[in-house]
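Engineer: So that we are looking at the same thing, I have put the structure below in structure tokens.
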Amino acid sequence: MHISLRQYYGILIRYLRPQAPRFALLAALVFVSIGLQLVNPQIVRYFIDAVKSGTTLHTLMIAAIAFIGVAFVQQGVGVAAVYMGEYVAWAATNALREDLAAHCMQLDMTFHHERSPGELIERIEGDALEFATFFSTIVVRVIANLLLLLGIVVVVFFVHWKMGVGFGIFTIVTLVGIYTVRGIAVSYQKAHRDAVTEFFGFLEERLAGTEDIRSCGAVGFTLRRLFYHMTIILRRWRKSALVGTLIRLVAGLLLISGYGVAFVLGYSLFIHGIVTEGEIVMVLFYTGMIAQPIRELTRQVESLQTIGATVERIAEVMSLHRTIFDGPGAAIPTGVPLSLEFDHVTFAYHEEKRVLHDVSFRLHPGKVLGLLGRTGSGKTTIARLIFRLYDAQDGIIRLGGTDIRQATLEELRHRVAFVTQDVQLFQASVRDNITFFDRSIPDERIMEVIEALELGDWFAGLPKGLDTRLQTGGRSLSAGEAQLLAFTRVFLRDPGLVVLDEASSRLDPATETLVERAIDHLLANRSAIVIAHRLGTLERSDDVLVLEDGRVIEYGGRLALLADETSHFHGLHRTGLEEVMV
């Protein structure tokens, strides 16, 4: 993917427009700084010519003080410009970071399954952080140095047009040369950034699986893979650094050429009496000043090669579009148990392999459907389709009689709740974990839910009540306590359908009893799908659906299937099989 100036410009405009007042102040500071830098060589010229003409010591003292004063003021203005540039840059970067995070969260689940959390963190935080330098570099360093170069050429032109033309040609050749070399570097820097992203993805996965890695004796293998990723990063960084050296070499050669132009033209004009000694010194002063913006531009071009790769990576993410959109807004009934119907539903995560084959069933309002099946049979896929995390390729799913593709995603996901064994906890208070940071829900309502679920004893055990802070990763609550917290989340939403991934399969008997009692309250006056891990869980089910390889092999009333000696469900009970392969 080739990144054009238009894409750079588009990003600048989009994220700097909200900072227009501060950007205007920044522009004013930059212009003042440039003007002051151009003034001091004029003072030097005046000082030298005044000495030659025999001007008084008082006049020379004034010129010297003016030189020092301008230098101090210029430094102060420069500091203010850098401060304002950084402020603008970080404000714009935060907006970019927010847009990237929001865009990634809206993308289909396929995108998230193909990328690890570590890779996404690097994409959002790492790439956005690179842009902090980009924004401040463009508005403070690059533009300022380009304007300084232009100002020097204009001032030298007024000394003598031949010197102005020479400086102008030199400046154009230098900028074109640096820009040309910069284009070579982008692909190498992108490869380096991609290697870093892969490393973060690897590191996140291995750190998350530390317990399994250590228990299986795979520490040595993990460290070897870590070394492999770091080697790849080193190799790609080395190539990128070599290209950066080429940029500096080109810039150095061009600078030497610039000194040559200044000396040759200056000497030629001086021996013909066209310019004075002061003007010659002034021109040499400006020649030295030209070296500084060119060096700065060279360094910034090296940064821009990193930014060029970052723009490509961001463009890759932003070019991805979700395929699941809000429906026109068809209403789903509220305040009542919801029916659910799968009408000849076929689905595949990838085109070459179907996960569900022509699945049809109907859950009546207020009833509980038990879902059985081995690993890979499609149980979790059914739950994902209900939430429209994916859309079926064929067939229709109706909730409360409404095609779920006709409802808005917010409405759909408000009317359905999904409780899994692995409850996501946030590093926040119990209140925020229950309400998902919705501060509009009063504490009184939370306490009503806790009492309705008979969780008063559990709540009493929290050291600071709703203000108790939890940690991520299950370090604050046991598995049973996390399940109870998840139930309060669901109860607050008051959904019409609950999808329950059996919550009590890994709990001790005492906690299991508490959880089972809470489930009874949770499912009262609601429809439910229970993804069963054990046959005992199905005791509360009205109907049972058995899946195998994405196909419905048995579906009917639980008691009727249990009484039918030829049914698969009856066979499980007859053989005494308690655990179902999941």
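For the structure tokens, the naming scheme is as follows: chains receive sequential letters (A, B, ...) according to their order of presentation, residues are indexed from 1 within each chain, and ligands are indexed from 1 in presentation order.
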Excluding same-chain residues fewer than 6 positions from region 63-69 of chain A, what lies within 8 Å of it counting only C-alpha atoms, as a list in words?

Structural biologist: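 My reading of the contact set: Asn40, Ile43, Val44, Tyr46 and Phe47 of chain A.
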
Engineer: Just the residues within 10 Å of region 189-201 of chain A, please, counting only C-alpha atoms, with nothing from its chain fewer than 6 positions along; format it as a PyMOL selection string.

Structural biologist: chain A and resi 115-123+126-127+225-226+228-241+243-244+302-313

Engineer: Taking into account only C-alpha atoms, which residue in the set A:Arg398, A:Gly366, A:His272, A:Ala95 is nearest to Arg17 (chain A)?

Structural biologist: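 Once distances to Arg17 (chain A) are computed over only C-alpha atoms, the minimum belongs to A:Ala95.
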
Engineer: Would you please work out which residue, of A:Ile274, A:Ile280, A:Leu147, A:Ala348, is nearest to Arg45 (chain A) when using only C-alpha atoms?

Structural biologist: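 The answer is A:Ile280, which sits nearest to Arg45 (chain A).
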
Engineer: Residues of region 267-386 of chain A that have any atom at most 6 Å from an atom of region 519-528 of chain A: could you tabulate them with the shortest-distance atom pair and the distance in Å to one decimal, using only C-alpha atoms, ordered by chain and increasing number, as a tab-separated table?

Structural biologist:
residue	atom	partner	partner_atom	distance
A:Pro337	CA	A:Arg526	CA	4.5
A:Leu338	CA	A:Ser527	CA	5.9
A:Pro365	CA	A:Ser527	CA	5.5
A:Gly366	CA	A:Ser527	CA	4.2
A:Lys367	CA	A:Ser527	CA	5.0
A:Val368	CA	A:Ala528	CA	4.7

Engineer: Please produce a file of those selected residues containing N, CA and C atoms, as a short mmCIF file (atom, residue, chain, number, x, y, z; two decimals), in the first residue's frame.

Structural biologist:
data_model
loop_
_atom_site.label_atom_id
_atom_site.label_comp_id
_atom_site.auth_asym_id
_atom_site.auth_seq_id
_atom_site.Cartn_x
_atom_site.Cartn_y
_atom_site.Cartn_z
N PRO A 337 -41.54 -12.85 28.62
CA PRO A 337 -40.64 -13.89 28.11
C PRO A 337 -40.71 -13.92 26.59
N LEU A 338 -39.59 -14.16 25.95
CA LEU A 338 -39.51 -14.10 24.50
C LEU A 338 -39.41 -15.50 23.89
N PRO A 365 -42.29 -19.05 24.68
CA PRO A 365 -42.09 -18.07 25.75
C PRO A 365 -42.18 -18.70 27.13
N GLY A 366 -41.24 -18.36 27.99
CA GLY A 366 -41.24 -18.83 29.36
C GLY A 366 -40.71 -20.24 29.54
N LYS A 367 -40.29 -20.89 28.47
CA LYS A 367 -39.78 -22.25 28.55
C LYS A 367 -38.25 -22.25 28.59
N VAL A 368 -37.70 -23.42 29.00
CA VAL A 368 -36.25 -23.58 29.09
C VAL A 368 -35.84 -24.69 28.13
#

Engineer: What is the distance, in Å and to one decimal place, between CA of Val336 (chain A) and CA of Leu559 (chain A)?

Structural biologist: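 A separation of 25.6 Å between them.
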
Engineer: Write out as JSON, numbers by chain each polymer residue whose atoms come within 7 Å of Gly329 (chain A), counting only C-alpha atoms; drop sequence neighbours fewer than 5 positions from it.

Structural biologist: {"A": [406, 407, 408]}

Engineer: Keeping only N, CA and C atoms, take the residues you just selected and write them out as an mmCIF file, in the first residue's frame.

Structural biologist:
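Okay, this is what ended up in part.cif:
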data_model
loop_
_atom_site.group_PDB
_atom_site.id
_atom_site.type_symbol
_atom_site.label_atom_id
_atom_site.label_comp_id
_atom_site.auth_asym_id
_atom_site.auth_seq_id
_atom_site.Cartn_x
_atom_site.Cartn_y
_atom_site.Cartn_z
ATOM 1 N N GLN A 406 -33.856 -7.360 11.649
ATOM 2 C CA GLN A 406 -34.681 -6.172 11.470
ATOM 3 C C GLN A 406 -34.640 -5.249 12.687
ATOM 4 N N ALA A 407 -34.122 -5.734 13.801
ATOM 5 C CA ALA A 407 -34.018 -4.925 15.025
ATOM 6 C C ALA A 407 -32.655 -4.251 15.086
ATOM 7 N N THR A 408 -32.541 -3.206 15.899
ATOM 8 C CA THR A 408 -31.236 -2.597 16.117
ATOM 9 C C THR A 408 -30.404 -3.511 17.013
#

Engineer: Quick one: everything within 12 Å of Gly400 (chain A), counting only C-alpha atoms, minus sequence neighbours fewer than 6 positions away in the same chain. Send it as a ChimeraX atom specification.

Structural biologist: /A:330-342,362-366,386,407,412,415-416,495-497,526-527
